[in-house]
Amino acid sequence: KLAYASEITVTADAPASLDGMVSVITTDAKMFMPMNELVDLQKERERIEKEKEKAKAEGKEYVDPNYKNPFTLKVSAGKEINPEKGFDITFGTPAVKLDTTAIEIVTVDENKNKTPIKWHLERDTMNMCRWMVKADWKEKCNYQLYIPKKTITDVMGYENDSTVMDFATYDPEKFATVSLNVNGSGKNRYIILLTDGSGKTLQELKDVTTGKYRFNYVNPGDVRLRIIEDKNGNGK
């Protein structure tokens, strides 16, 4: 009788009792499995057909609760984003189809009214699976991202599930600003790192020459500045 097991526990020794067990013969060994770990394929097919008929009668699309979509998608936006940086979307494998016309980003006001905004994607030149979302992000504003089902197809032919994400941009009143007046030497260029008290880089400025600069959205606390003379102009 055909059956399948969703999980198999393998032990070195045969069980003390074979009651309620089924033996499985392979070319290398003989295994014993509890009957409760097996599912009767015929009964499973009947169950699925009943679920499909029920969903059809209710005007719904049947979704197998045991199915896990191999397509993976990660959005870097948390509850809040830095409006100067935006956020990015990373796929588990490179995308071969990406319908940006189906993706929506809207602002959400206090009355829950939604207004579409203009935005675009830029592919990371160093990571084919990563796309950066660019827009004219406004401070202290609520947004919603909506990616409909089957909008993206990866190289394996798998398609995305729908994604809805609410997020907001930073409130500048909760952050500090660090202003700098740089007096450089001649045509020298510099890299300025803003770090926390332990030396972890929080923000950086590259290609700095004589002039005024600033770091926005700095969390309250102790910060330090590290200045590097970029002699070869490689940004490092």
# chains A, B, ... in the order shown; residues from 1 in each chain; ligands from 1
>>> residues_around(residues="Glu53 (chain A)", least_positions_apart="5", cutoff="9 Å", atoms="only C-alpha atoms", output="MDAnalysis selection string")
chainID A and resid 48 58 62
>>> closest_atom_pairs(of="region 110-186 of chain A", to="region 190-210 of chain A", cutoff="9 Å", atoms="only C-alpha atoms", output="CSV")
residue,atom,partner,partner_atom,distance
A:Asn181,CA,A:Thr210,CA,7.7
A:Val182,CA,A:Thr210,CA,5.0
A:Asn183,CA,A:Thr210,CA,4.8
A:Gly184,CA,A:Thr210,CA,4.8
A:Ser185,CA,A:Thr210,CA,7.8
A:Gly186,CA,A:Thr210,CA,8.5
>>> residues_around(residues="region 63-66 of chain A", least_positions_apart="2", cutoff="12 Å", atoms="only C-alpha atoms", output="ChimeraX atom specification")
/A:6,44-45,47-56,60-61,68-69,161
>>> residues_around(residues="Trp119 (chain A)", least_positions_apart="2", cutoff="12 Å", atoms="only C-alpha atoms", output="list in words")
Gly86, Phe87, Thr100, Thr101, Ile103, Glu104, Ile105, Val106, Thr107, Pro116, Ile117, Leu121, Glu122, Met132, Val133, Lys134, Ala135, Asp136, Trp137 and Leu145 of chain A
>>> write_last_selection(atoms="N, CA and C atoms", output="PDB file, in the first residue's frame")
ATOM      1  N   GLY A  86      16.310  55.062   2.033  1.00  0.00           N
ATOM      2  CA  GLY A  86      15.257  54.193   1.534  1.00  0.00           C
ATOM      3  C   GLY A  86      15.428  52.771   2.035  1.00  0.00           C
ATOM      4  N   PHE A  87      15.106  51.797   1.196  1.00  0.00           N
ATOM      5  CA  PHE A  87      15.250  50.396   1.602  1.00  0.00           C
ATOM      6  C   PHE A  87      15.517  49.545   0.373  1.00  0.00           C
ATOM      7  N   THR A 100       7.237  45.835 -12.443  1.00  0.00           N
ATOM      8  CA  THR A 100       7.198  46.985 -11.526  1.00  0.00           C
ATOM      9  C   THR A 100       5.878  47.744 -11.611  1.00  0.00           C
ATOM     10  N   THR A 101       5.145  47.599 -12.725  1.00  0.00           N
ATOM     11  CA  THR A 101       3.865  48.307 -12.858  1.00  0.00           C
ATOM     12  C   THR A 101       2.814  47.758 -11.905  1.00  0.00           C
ATOM     13  N   ILE A 103       3.577  46.664  -8.775  1.00  0.00           N
ATOM     14  CA  ILE A 103       3.974  46.983  -7.398  1.00  0.00           C
ATOM     15  C   ILE A 103       3.515  48.389  -7.041  1.00  0.00           C
ATOM     16  N   GLU A 104       2.975  48.551  -5.849  1.00  0.00           N
ATOM     17  CA  GLU A 104       2.479  49.857  -5.417  1.00  0.00           C
ATOM     18  C   GLU A 104       3.173  50.316  -4.137  1.00  0.00           C
ATOM     19  N   ILE A 105       3.528  51.586  -4.104  1.00  0.00           N
ATOM     20  CA  ILE A 105       3.976  52.238  -2.870  1.00  0.00           C
ATOM     21  C   ILE A 105       3.114  53.476  -2.707  1.00  0.00           C
ATOM     22  N   VAL A 106       2.453  53.590  -1.578  1.00  0.00           N
ATOM     23  CA  VAL A 106       1.533  54.707  -1.339  1.00  0.00           C
ATOM     24  C   VAL A 106       1.836  55.366  -0.002  1.00  0.00           C
ATOM     25  N   THR A 107       1.474  56.631   0.109  1.00  0.00           N
ATOM     26  CA  THR A 107       1.486  57.295   1.409  1.00  0.00           C
ATOM     27  C   THR A 107       0.132  57.045   2.063  1.00  0.00           C
ATOM     28  N   PRO A 116      -0.686  57.136  -4.283  1.00  0.00           N
ATOM     29  CA  PRO A 116       0.505  56.526  -4.911  1.00  0.00           C
ATOM     30  C   PRO A 116       1.638  57.539  -5.060  1.00  0.00           C
ATOM     31  N   ILE A 117       2.869  57.064  -4.962  1.00  0.00           N
ATOM     32  CA  ILE A 117       4.034  57.918  -5.154  1.00  0.00           C
ATOM     33  C   ILE A 117       4.862  57.396  -6.328  1.00  0.00           C
ATOM     34  N   LEU A 121      13.332  51.223  -9.182  1.00  0.00           N
ATOM     35  CA  LEU A 121      14.273  50.242  -8.653  1.00  0.00           C
ATOM     36  C   LEU A 121      15.639  50.415  -9.297  1.00  0.00           C
ATOM     37  N   GLU A 122      16.677  50.198  -8.503  1.00  0.00           N
ATOM     38  CA  GLU A 122      18.038  50.172  -9.015  1.00  0.00           C
ATOM     39  C   GLU A 122      18.683  48.870  -8.561  1.00  0.00           C
ATOM     40  N   MET A 132      17.471  48.091  -4.970  1.00  0.00           N
ATOM     41  CA  MET A 132      17.272  49.230  -4.076  1.00  0.00           C
ATOM     42  C   MET A 132      16.058  50.041  -4.528  1.00  0.00           C
ATOM     43  N   VAL A 133      15.192  50.360  -3.583  1.00  0.00           N
ATOM     44  CA  VAL A 133      13.972  51.117  -3.875  1.00  0.00           C
ATOM     45  C   VAL A 133      14.260  52.595  -3.662  1.00  0.00           C
ATOM     46  N   LYS A 134      14.137  53.366  -4.732  1.00  0.00           N
ATOM     47  CA  LYS A 134      14.444  54.790  -4.688  1.00  0.00           C
ATOM     48  C   LYS A 134      13.167  55.618  -4.859  1.00  0.00           C
ATOM     49  N   ALA A 135      13.049  56.659  -4.037  1.00  0.00           N
ATOM     50  CA  ALA A 135      11.894  57.559  -4.132  1.00  0.00           C
ATOM     51  C   ALA A 135      12.236  58.853  -3.403  1.00  0.00           C
ATOM     52  N   ASP A 136      11.400  59.852  -3.583  1.00  0.00           N
ATOM     53  CA  ASP A 136      11.557  61.111  -2.849  1.00  0.00           C
ATOM     54  C   ASP A 136      10.838  60.964  -1.512  1.00  0.00           C
ATOM     55  N   TRP A 137      11.495  60.254  -0.591  1.00  0.00           N
ATOM     56  CA  TRP A 137      10.874  59.956   0.690  1.00  0.00           C
ATOM     57  C   TRP A 137      10.713  61.224   1.538  1.00  0.00           C
ATOM     58  N   LEU A 145       3.838  49.363   1.243  1.00  0.00           N
ATOM     59  CA  LEU A 145       4.344  48.660   0.058  1.00  0.00           C
ATOM     60  C   LEU A 145       3.450  47.460  -0.208  1.00  0.00           C
TER      61      LEU A 145
END
>>> atom_distance(atom1="CA of Gly221 (chain A)", atom2="CA of Tyr143 (chain A)")
28.3 Å
>>> atom_distance(atom1="CA of Pro94 (chain A)", atom2="CA of Lys150 (chain A)")
15.0 Å
>>> select_by_dssp(residues="region 21-220 of chain A", states="alpha helix (DSSP H)", output="list in words")
Leu41, Gln42, Lys43, Glu44, Arg45, Glu46, Arg47, Ile48, Glu49, Lys50, Glu51, Lys52, Glu53, Lys54, Ala55, Lys56 and Ala57 of chain A
>>> select_by_dssp(residues="region 80-235 of chain A", states="strand (DSSP E)", output="compact mmCIF listing (two decimals) with N, CA, C and O atoms, in the first residue's frame")
# COMPACT_ATOMS: atom_id res chain seq x y z
N GLU A 80 10.55 51.65 10.59
CA GLU A 80 10.96 52.98 10.15
C GLU A 80 12.17 52.87 9.23
O GLU A 80 12.98 51.96 9.37
N ILE A 81 12.27 53.82 8.29
CA ILE A 81 13.43 53.86 7.40
C ILE A 81 14.03 55.26 7.39
O ILE A 81 13.35 56.24 7.70
N PHE A 87 15.11 51.80 1.20
CA PHE A 87 15.25 50.40 1.60
C PHE A 87 15.52 49.54 0.37
O PHE A 87 15.51 50.03 -0.76
N ASP A 88 15.78 48.27 0.58
CA ASP A 88 16.03 47.38 -0.55
C ASP A 88 15.22 46.10 -0.43
O ASP A 88 14.74 45.74 0.64
N ILE A 89 15.08 45.41 -1.56
CA ILE A 89 14.38 44.13 -1.64
C ILE A 89 15.38 43.10 -2.16
O ILE A 89 16.04 43.32 -3.18
N THR A 90 15.49 41.98 -1.44
CA THR A 90 16.44 40.94 -1.82
C THR A 90 15.72 39.63 -2.06
O THR A 90 14.90 39.20 -1.25
N PHE A 91 16.01 38.99 -3.20
CA PHE A 91 15.42 37.69 -3.53
C PHE A 91 16.41 36.58 -3.22
O PHE A 91 17.62 36.80 -3.20
N ALA A 95 16.03 37.36 -10.18
CA ALA A 95 14.73 37.45 -10.85
C ALA A 95 14.92 37.57 -12.35
O ALA A 95 15.80 38.27 -12.83
N VAL A 96 14.06 36.86 -13.11
CA VAL A 96 14.08 36.98 -14.56
C VAL A 96 12.87 37.76 -15.06
O VAL A 96 12.85 38.23 -16.20
N LYS A 97 11.86 37.90 -14.20
CA LYS A 97 10.69 38.72 -14.54
C LYS A 97 10.31 39.54 -13.32
O LYS A 97 10.16 39.01 -12.22
N LEU A 98 10.17 40.84 -13.53
CA LEU A 98 9.83 41.74 -12.43
C LEU A 98 8.90 42.82 -12.97
O LEU A 98 9.35 43.75 -13.65
N GLU A 104 2.98 48.55 -5.85
CA GLU A 104 2.48 49.86 -5.42
C GLU A 104 3.17 50.32 -4.14
O GLU A 104 3.38 49.52 -3.21
N ILE A 105 3.53 51.59 -4.10
CA ILE A 105 3.98 52.24 -2.87
C ILE A 105 3.11 53.48 -2.71
O ILE A 105 3.04 54.32 -3.61
N VAL A 106 2.45 53.59 -1.58
CA VAL A 106 1.53 54.71 -1.34
C VAL A 106 1.84 55.37 0.00
O VAL A 106 2.40 54.75 0.90
N THR A 107 1.47 56.63 0.11
CA THR A 107 1.49 57.29 1.41
C THR A 107 0.13 57.05 2.06
O THR A 107 -0.88 56.89 1.37
N VAL A 108 0.13 56.99 3.38
CA VAL A 108 -1.11 56.75 4.13
C VAL A 108 -1.28 57.88 5.14
O VAL A 108 -0.45 58.04 6.04
N LYS A 114 -4.99 56.72 0.87
CA LYS A 114 -3.74 56.29 0.24
C LYS A 114 -3.50 57.05 -1.06
O LYS A 114 -4.42 57.20 -1.88
N THR A 115 -2.26 57.50 -1.23
CA THR A 115 -1.87 58.24 -2.43
C THR A 115 -0.62 57.61 -3.03
O THR A 115 0.41 57.54 -2.35
N PRO A 116 -0.69 57.14 -4.28
CA PRO A 116 0.50 56.53 -4.91
C PRO A 116 1.64 57.54 -5.06
O PRO A 116 1.41 58.73 -5.25
N TRP A 119 8.32 56.06 -7.80
CA TRP A 119 9.48 55.35 -7.27
C TRP A 119 10.11 54.54 -8.40
O TRP A 119 9.52 54.37 -9.47
N HIS A 120 11.29 54.05 -8.17
CA HIS A 120 11.93 53.19 -9.17
C HIS A 120 12.91 52.25 -8.47
O HIS A 120 13.27 52.45 -7.30
N LEU A 121 13.33 51.22 -9.18
CA LEU A 121 14.27 50.24 -8.65
C LEU A 121 15.64 50.41 -9.30
O LEU A 121 15.74 50.72 -10.48
N GLU A 122 16.68 50.20 -8.50
CA GLU A 122 18.04 50.17 -9.01
C GLU A 122 18.68 48.87 -8.56
O GLU A 122 18.69 48.58 -7.36
N ARG A 123 19.21 48.13 -9.52
CA ARG A 123 19.81 46.84 -9.19
C ARG A 123 21.21 47.04 -8.60
O ARG A 123 21.98 47.87 -9.08
N ARG A 130 19.71 41.69 -5.26
CA ARG A 130 19.33 42.84 -4.43
C ARG A 130 18.93 44.03 -5.30
O ARG A 130 19.64 44.40 -6.23
N TRP A 131 17.78 44.60 -4.98
CA TRP A 131 17.27 45.78 -5.68
C TRP A 131 17.00 46.90 -4.67
O TRP A 131 16.38 46.66 -3.64
N MET A 132 17.47 48.09 -4.97
CA MET A 132 17.27 49.23 -4.08
C MET A 132 16.06 50.04 -4.53
O MET A 132 15.92 50.34 -5.72
N VAL A 133 15.19 50.36 -3.58
CA VAL A 133 13.97 51.12 -3.88
C VAL A 133 14.26 52.59 -3.66
O VAL A 133 14.57 53.02 -2.55
N LYS A 134 14.14 53.37 -4.73
CA LYS A 134 14.44 54.79 -4.69
C LYS A 134 13.17 55.62 -4.86
O LYS A 134 12.32 55.32 -5.70
N ALA A 135 13.05 56.66 -4.04
CA ALA A 135 11.89 57.56 -4.13
C ALA A 135 12.24 58.85 -3.40
O ALA A 135 13.23 58.94 -2.69
N ASN A 142 3.93 58.14 6.72
CA ASN A 142 3.57 56.72 6.71
C ASN A 142 3.41 56.22 5.28
O ASN A 142 2.80 56.90 4.43
N TYR A 143 3.95 55.02 5.02
CA TYR A 143 3.90 54.44 3.69
C TYR A 143 3.41 52.99 3.77
O TYR A 143 3.42 52.36 4.83
N GLN A 144 3.00 52.48 2.60
CA GLN A 144 2.65 51.07 2.48
C GLN A 144 3.19 50.52 1.16
O GLN A 144 3.04 51.15 0.11
N LEU A 145 3.84 49.36 1.24
CA LEU A 145 4.34 48.66 0.06
C LEU A 145 3.45 47.46 -0.21
O LEU A 145 3.15 46.69 0.70
N TYR A 146 3.02 47.31 -1.47
CA TYR A 146 2.21 46.16 -1.84
C TYR A 146 2.79 45.50 -3.09
O TYR A 146 2.93 46.14 -4.14
N ILE A 147 3.17 44.22 -2.96
CA ILE A 147 3.67 43.44 -4.08
C ILE A 147 2.68 42.30 -4.32
O ILE A 147 2.59 41.37 -3.51
N ILE A 152 6.76 38.57 -9.48
CA ILE A 152 8.17 38.32 -9.68
C ILE A 152 8.38 36.83 -9.95
O ILE A 152 7.81 35.99 -9.26
N THR A 153 9.22 36.52 -10.93
CA THR A 153 9.58 35.14 -11.24
C THR A 153 11.09 35.01 -11.19
O THR A 153 11.80 35.84 -11.78
N ASP A 154 11.59 33.99 -10.49
CA ASP A 154 13.04 33.83 -10.40
C ASP A 154 13.55 32.88 -11.48
O ASP A 154 12.79 32.37 -12.30
N THR A 163 2.86 40.39 -0.84
CA THR A 163 3.52 41.00 0.31
C THR A 163 2.92 42.38 0.56
O THR A 163 2.78 43.18 -0.37
N VAL A 164 2.55 42.65 1.80
CA VAL A 164 2.07 43.97 2.21
C VAL A 164 2.90 44.40 3.42
O VAL A 164 3.01 43.65 4.39
N MET A 165 3.48 45.59 3.36
CA MET A 165 4.32 46.06 4.46
C MET A 165 4.05 47.53 4.73
O MET A 165 4.07 48.36 3.81
N ASP A 166 3.79 47.84 5.98
CA ASP A 166 3.61 49.22 6.42
C ASP A 166 4.87 49.70 7.09
O ASP A 166 5.48 48.98 7.89
N PHE A 167 5.29 50.92 6.78
CA PHE A 167 6.48 51.49 7.40
C PHE A 167 6.38 53.00 7.40
O PHE A 167 5.48 53.58 6.75
N ALA A 168 7.26 53.65 8.12
CA ALA A 168 7.27 55.11 8.20
C ALA A 168 8.70 55.60 8.05
O ALA A 168 9.66 54.84 8.22
N THR A 169 8.84 56.86 7.72
CA THR A 169 10.16 57.48 7.66
C THR A 169 10.47 58.15 8.99
O THR A 169 9.58 58.47 9.77
N ALA A 176 19.60 63.59 16.17
CA ALA A 176 20.52 64.72 16.20
C ALA A 176 21.15 64.90 14.81
O ALA A 176 21.07 64.01 13.96
N THR A 177 21.77 66.05 14.60
CA THR A 177 22.51 66.34 13.37
C THR A 177 23.93 66.74 13.74
O THR A 177 24.12 67.56 14.66
N VAL A 178 24.90 66.15 13.07
CA VAL A 178 26.30 66.50 13.30
C VAL A 178 26.79 67.31 12.10
O VAL A 178 26.84 66.80 10.98
N SER A 179 27.12 68.60 12.33
CA SER A 179 27.57 69.48 11.26
C SER A 179 29.09 69.60 11.28
O SER A 179 29.71 69.67 12.35
N LEU A 180 29.70 69.63 10.10
CA LEU A 180 31.15 69.70 9.98
C LEU A 180 31.56 70.84 9.06
O LEU A 180 30.88 71.12 8.06
N ASN A 181 32.66 71.47 9.39
CA ASN A 181 33.28 72.47 8.52
C ASN A 181 34.69 71.98 8.23
O ASN A 181 35.57 72.05 9.08
N VAL A 182 34.90 71.43 7.04
CA VAL A 182 36.16 70.78 6.71
C VAL A 182 37.11 71.78 6.02
O VAL A 182 36.73 72.42 5.03
N TYR A 190 38.98 63.23 1.29
CA TYR A 190 38.93 62.50 2.56
C TYR A 190 37.67 61.64 2.65
O TYR A 190 36.67 61.86 1.95
N ILE A 191 37.74 60.67 3.54
CA ILE A 191 36.58 59.86 3.94
C ILE A 191 36.36 60.15 5.42
O ILE A 191 37.29 60.05 6.21
N ILE A 192 35.15 60.52 5.77
CA ILE A 192 34.84 60.83 7.17
C ILE A 192 33.84 59.81 7.68
O ILE A 192 32.75 59.65 7.11
N LEU A 193 34.22 59.10 8.73
CA LEU A 193 33.36 58.09 9.34
C LEU A 193 32.79 58.61 10.64
O LEU A 193 33.52 59.15 11.48
N LEU A 194 31.49 58.45 10.80
CA LEU A 194 30.83 58.75 12.08
C LEU A 194 30.63 57.42 12.78
O LEU A 194 29.97 56.52 12.26
N THR A 195 31.22 57.26 13.96
CA THR A 195 31.15 55.99 14.69
C THR A 195 30.53 56.18 16.06
O THR A 195 30.43 57.31 16.56
N ASP A 196 30.11 55.08 16.66
CA ASP A 196 29.63 55.15 18.04
C ASP A 196 30.83 55.07 18.98
O ASP A 196 31.99 55.05 18.53
N THR A 201 31.01 51.86 12.75
CA THR A 201 30.63 52.90 11.80
C THR A 201 29.11 53.01 11.69
O THR A 201 28.41 52.03 11.45
N LEU A 202 28.61 54.24 11.86
CA LEU A 202 27.19 54.51 11.76
C LEU A 202 26.84 55.11 10.39
O LEU A 202 25.86 54.73 9.76
N GLN A 203 27.65 56.07 9.96
CA GLN A 203 27.47 56.72 8.67
C GLN A 203 28.84 57.09 8.13
O GLN A 203 29.82 57.14 8.87
N GLU A 204 28.90 57.36 6.83
CA GLU A 204 30.16 57.79 6.24
C GLU A 204 29.95 58.77 5.11
O GLU A 204 28.90 58.76 4.45
N LEU A 205 30.93 59.62 4.90
CA LEU A 205 30.95 60.56 3.79
C LEU A 205 32.20 60.29 2.98
O LEU A 205 33.29 60.16 3.55
N LYS A 206 32.05 60.20 1.67
CA LYS A 206 33.20 59.96 0.81
C LYS A 206 33.43 61.16 -0.11
O LYS A 206 32.56 62.00 -0.29
N ASP A 207 34.64 61.19 -0.67
CA ASP A 207 35.00 62.25 -1.62
C ASP A 207 34.84 63.64 -0.99
O ASP A 207 34.34 64.58 -1.62
N VAL A 208 35.27 63.75 0.25
CA VAL A 208 35.12 65.02 1.00
C VAL A 208 36.30 65.94 0.70
O VAL A 208 37.46 65.52 0.74
N GLY A 211 34.86 72.26 2.73
CA GLY A 211 33.46 72.66 2.63
C GLY A 211 32.68 72.25 3.86
O GLY A 211 33.24 71.77 4.85
N LYS A 212 31.38 72.45 3.78
CA LYS A 212 30.49 72.14 4.90
C LYS A 212 29.74 70.84 4.62
O LYS A 212 29.22 70.63 3.51
N TYR A 213 29.68 69.99 5.63
CA TYR A 213 29.01 68.69 5.51
C TYR A 213 28.23 68.43 6.79
O TYR A 213 28.44 69.09 7.81
N ARG A 214 27.35 67.42 6.73
CA ARG A 214 26.64 67.06 7.95
C ARG A 214 26.12 65.63 7.87
O ARG A 214 25.87 65.09 6.79
N PHE A 215 25.99 65.05 9.04
CA PHE A 215 25.38 63.73 9.20
C PHE A 215 23.98 63.94 9.79
O PHE A 215 23.84 64.54 10.86
N ASN A 216 22.97 63.45 9.10
CA ASN A 216 21.60 63.56 9.59
C ASN A 216 21.15 62.27 10.26
O ASN A 216 21.75 61.21 10.07
N TYR A 217 20.09 62.34 11.02
CA TYR A 217 19.47 61.18 11.66
C TYR A 217 20.47 60.40 12.51
O TYR A 217 20.62 59.19 12.37
N VAL A 218 21.14 61.11 13.39
CA VAL A 218 22.10 60.49 14.30
C VAL A 218 21.41 60.22 15.63
O VAL A 218 20.83 61.12 16.24
N VAL A 223 29.29 59.88 20.06
CA VAL A 223 29.75 59.57 18.71
C VAL A 223 31.18 60.08 18.53
O VAL A 223 31.64 60.96 19.26
N ARG A 224 31.86 59.51 17.55
CA ARG A 224 33.23 59.92 17.24
C ARG A 224 33.36 60.12 15.73
O ARG A 224 32.57 59.60 14.95
N LEU A 225 34.38 60.87 15.35
CA LEU A 225 34.67 61.08 13.93
C LEU A 225 36.03 60.47 13.61
O LEU A 225 36.99 60.62 14.36
N ARG A 226 36.09 59.78 12.48
CA ARG A 226 37.35 59.23 12.01
C ARG A 226 37.59 59.75 10.60
O ARG A 226 36.71 59.62 9.74
N ILE A 227 38.73 60.36 10.38
CA ILE A 227 39.02 60.98 9.08
C ILE A 227 40.15 60.21 8.40
O ILE A 227 41.21 59.98 8.99
N ILE A 228 39.92 59.80 7.15
CA ILE A 228 40.89 59.05 6.36
C ILE A 228 41.24 59.86 5.12
O ILE A 228 40.35 60.29 4.38
N GLU A 229 42.52 60.06 4.88
CA GLU A 229 42.93 60.74 3.66
C GLU A 229 42.93 59.73 2.51
O GLU A 229 43.66 58.73 2.55
>>> atom_distance(atom1="CA of Tyr67 (chain A)", atom2="CA of Tyr158 (chain A)")
13.0 Å
